[in-house]
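Student: Quick one: the structure is below, and I'll ask about it shortly.
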Amino acid sequence: MSILTPDPTGDLVWAAAWRSPVFRSKFIIGLTGTIFLLLAFPYFFQIIEHHSGPVLNDWILSRLAPNDVSLAIFLIIWATALLLLIRARRSPVIFMLFIYGYIIVSLARMISINLFPLDPPLGLIPLIDPISNAFYGKTYITRDLFFSGHTSTIFLMFLCFRKWGDRLFALIGSLLVGGLLLVQHVHYTVDVMGAFVFTYPLYWIAKRLALSGWNNVEHPVDQKASPN
């Protein structure tokens with residue numbers, strides 16, 4: 001049985017993957033990297049909050065009256081994250097794709113935020129997300145702009161899912177979250193668009209790093225999403 005096909009019990013699939021020394025090494029590296037990244041976030045975001053940059057003349061934002069849609073954004077993102085967790089319980093491939101994808105996308109965001117500092121959009125309404133905000137530190141962060149972390153994270157989930165129904169759910173969620181972030185004036189349009197543009201190639205880099213070398217049954221890098 002391929003480790004790419006989620007098993008009803010889940011345990012058999014994970015046990016098969018865990019027998020690979022390469023998988024065990026990559027699992028430990030990915031998990032450790034994610035923990036260090038989450039611990040570093042509060043310090044990084046507090047530093048970039050002291051940066052300054054231009055306020056962009058955003059044609060779309062100028063035509064959107066700011067409204068607080070925090071609850072909708074929160075529910076969409078974390079409902080998708082819960083689905084990802086359920087799928088990852090039965091598929092080490094999904095787990096590894098997301099972990100490595102999250103690390104690489106986050107590092108890319110940290111670089112881009114430093115290279116392209118921006119002041120927040122006019123009319124910004126603070127986004128209330130008790131889970132995500134826990135990693136931002138004590139001060140509400142407004143300058144983690146280019147590119148959008150919320151949009152890139154849920155779009156990364158879309159790329160990690162294997163079933164077409166899950167992917168459709170996450171893709172619609174990605175588009176909704178991107179639009180709602182603009183409604184709340186949390187991001188510029190270029191931040192949201194940049195999340196889609198950058199996350200896709202970064203995901204493929206993560207896929208190569210995460211999956212190569214530990215599946216002797218079939219090559220997971222070339223495996224397409226299953227409709228089943």
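All residue names refer to the structure tokens as shown: chains lettered A, B, ... in order, residues numbered from 1 in each chain, ligands numbered from 1 in order.
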For segment 167-182 of chain A, list every protein, DNA or RNA residue within 7 Å, evaluated using only C-alpha atoms, and leave out those in the same chain fewer than 2 positions away; present the list as a list in words.
Tutor: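 Once the nearby chain positions are removed, what remains is Leu61, Val69, Ile73, Ile76, Thr80, Thr151, Ile154, Phe155, Met157, Phe158, Phe161, Lys163, Trp164, Gly165, Gln184, His185, Val186, His187, Tyr188, Thr189 and Val192 of chain A.
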Student: Any chance you could export the current selection's C-alpha atoms as a short mmCIF file (atom, residue, chain, number, x, y, z; two decimals), in the first residue's frame?
Tutor:
data_model
loop_
_atom_site.label_atom_id
_atom_site.label_comp_id
_atom_site.auth_asym_id
_atom_site.auth_seq_id
_atom_site.Cartn_x
_atom_site.Cartn_y
_atom_site.Cartn_z
CA LEU A 61 -8.91 49.58 -0.70
CA VAL A 69 -14.74 40.69 9.68
CA ILE A 73 -11.49 35.18 8.83
CA ILE A 76 -12.39 30.00 7.78
CA THR A 80 -9.36 24.60 7.28
CA THR A 151 -3.59 34.23 2.94
CA ILE A 154 -4.53 28.85 4.02
CA PHE A 155 -3.37 28.73 0.39
CA MET A 157 -3.13 24.18 3.08
CA PHE A 158 -4.92 24.06 -0.27
CA PHE A 161 -4.46 18.62 0.53
CA LYS A 163 -8.48 15.08 -2.05
CA TRP A 164 -10.23 17.31 -4.57
CA GLY A 165 -13.07 18.12 -2.16
CA GLN A 184 -10.84 44.91 7.05
CA HIS A 185 -7.95 46.94 5.54
CA VAL A 186 -5.46 44.65 7.28
CA HIS A 187 -3.45 44.28 4.04
CA TYR A 188 -2.90 46.00 0.75
CA THR A 189 -4.08 44.29 -2.41
CA VAL A 192 -2.81 39.38 -0.78
#
Student: Check the DSSP output for the backbone and give back, as JSON, numbers by chain, the residues of segment 158-227 of chain A in alpha helix (DSSP H).
Tutor: {"A": [158, 159, 160, 164, 165, 166, 167, 168, 169, 170, 171, 172, 173, 174, 175, 176, 177, 178, 179, 180, 181, 182, 183, 189, 190, 191, 192, 193, 194, 195, 196, 197, 198, 199, 200, 201, 202, 203, 204, 205, 206, 207, 208, 209, 210, 211]}
Student: Just want the 9 Å neighbourhood of Trp14 of chain A, counted on only C-alpha atoms, with same-chain residues fewer than 5 positions away dropped. Output as a PDB file with N, CA and C atoms, in the first residue's frame.
Tutor:
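Saved as selection_33.pdb:
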ATOM      1  N   ILE A   3       2.159   4.936   0.820  1.00  0.00           N
ATOM      2  CA  ILE A   3       1.999   5.835   1.959  1.00  0.00           C
ATOM      3  C   ILE A   3       1.320   7.124   1.541  1.00  0.00           C
ATOM      4  N   ARG A  19       9.410   3.793   9.509  1.00  0.00           N
ATOM      5  CA  ARG A  19      10.476   2.816   9.343  1.00  0.00           C
ATOM      6  C   ARG A  19      11.628   3.352   8.493  1.00  0.00           C
ATOM      7  N   ARG A  89      -3.478  13.240  10.171  1.00  0.00           N
ATOM      8  CA  ARG A  89      -3.497  12.092  11.086  1.00  0.00           C
ATOM      9  C   ARG A  89      -3.417  10.776  10.319  1.00  0.00           C
ATOM     10  N   ARG A  90      -3.902  10.780   9.087  1.00  0.00           N
ATOM     11  CA  ARG A  90      -3.879   9.576   8.267  1.00  0.00           C
ATOM     12  C   ARG A  90      -2.845   9.627   7.151  1.00  0.00           C
ATOM     13  N   SER A  91      -2.156  10.759   7.015  1.00  0.00           N
ATOM     14  CA  SER A  91      -1.229  10.891   5.897  1.00  0.00           C
ATOM     15  C   SER A  91       0.022  11.651   6.320  1.00  0.00           C
ATOM     16  N   PRO A  92       1.150  10.972   6.485  1.00  0.00           N
ATOM     17  CA  PRO A  92       2.405  11.665   6.790  1.00  0.00           C
ATOM     18  C   PRO A  92       2.849  12.597   5.674  1.00  0.00           C
TER      19      PRO A  92
END
Student: When distances are computed from only C-alpha atoms, which of A:Ile103, A:Ile77, A:Leu156, A:Ala17 shows the smallest separation from Leu209 of chain A?
Tutor: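 Under the stated criterion, the closest residue is A:Ile103.
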Student: Could you check which of A:Val105, A:Ile48, A:Ile99, A:Ile60 is closest to Asp119 of chain A, using only C-alpha atoms?
Tutor: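 Checking each of A:Val105, A:Ile48, A:Ile99, A:Ile60 against Asp119 of chain A, counting only C-alpha atoms, the winner is A:Ile48.
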Student: When you count only C-alpha atoms, which of these residues is closest to Leu211 of chain A: A:Val55, A:Leu145, A:Ile104, A:Val22?
Tutor: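 Among the listed residues, the smallest separation from Leu211 of chain A belongs to A:Val22.
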Student: Restricting the calculation to only C-alpha atoms: of A:Ile141, A:Leu31, A:Val13, A:Ile128, which residue gets closest to Leu71 of chain A?
Tutor: A:Ile128
Student: Check the smallest atom-to-atom distance from each of A:Leu159, A:Ala16, A:Leu56, A:Ala72 to Asp129 of chain A using only C-alpha atoms, then report the winner.
Tutor: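 Closest residue, counting only C-alpha atoms: A:Ala72.
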Student: Rounded to one decimal place, report the atom CA of Val197 of chain A-atom CA of Met110 of chain A distance in Å.
Tutor: 16.0 Å
Student: To one decimal in Å, tell me the separation between atom CA of Ala206 of chain A and atom CA of Leu97 of chain A.
Tutor: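 Calculated distance between atom CA of Ala206 of chain A and atom CA of Leu97 of chain A is 6.7 Å.
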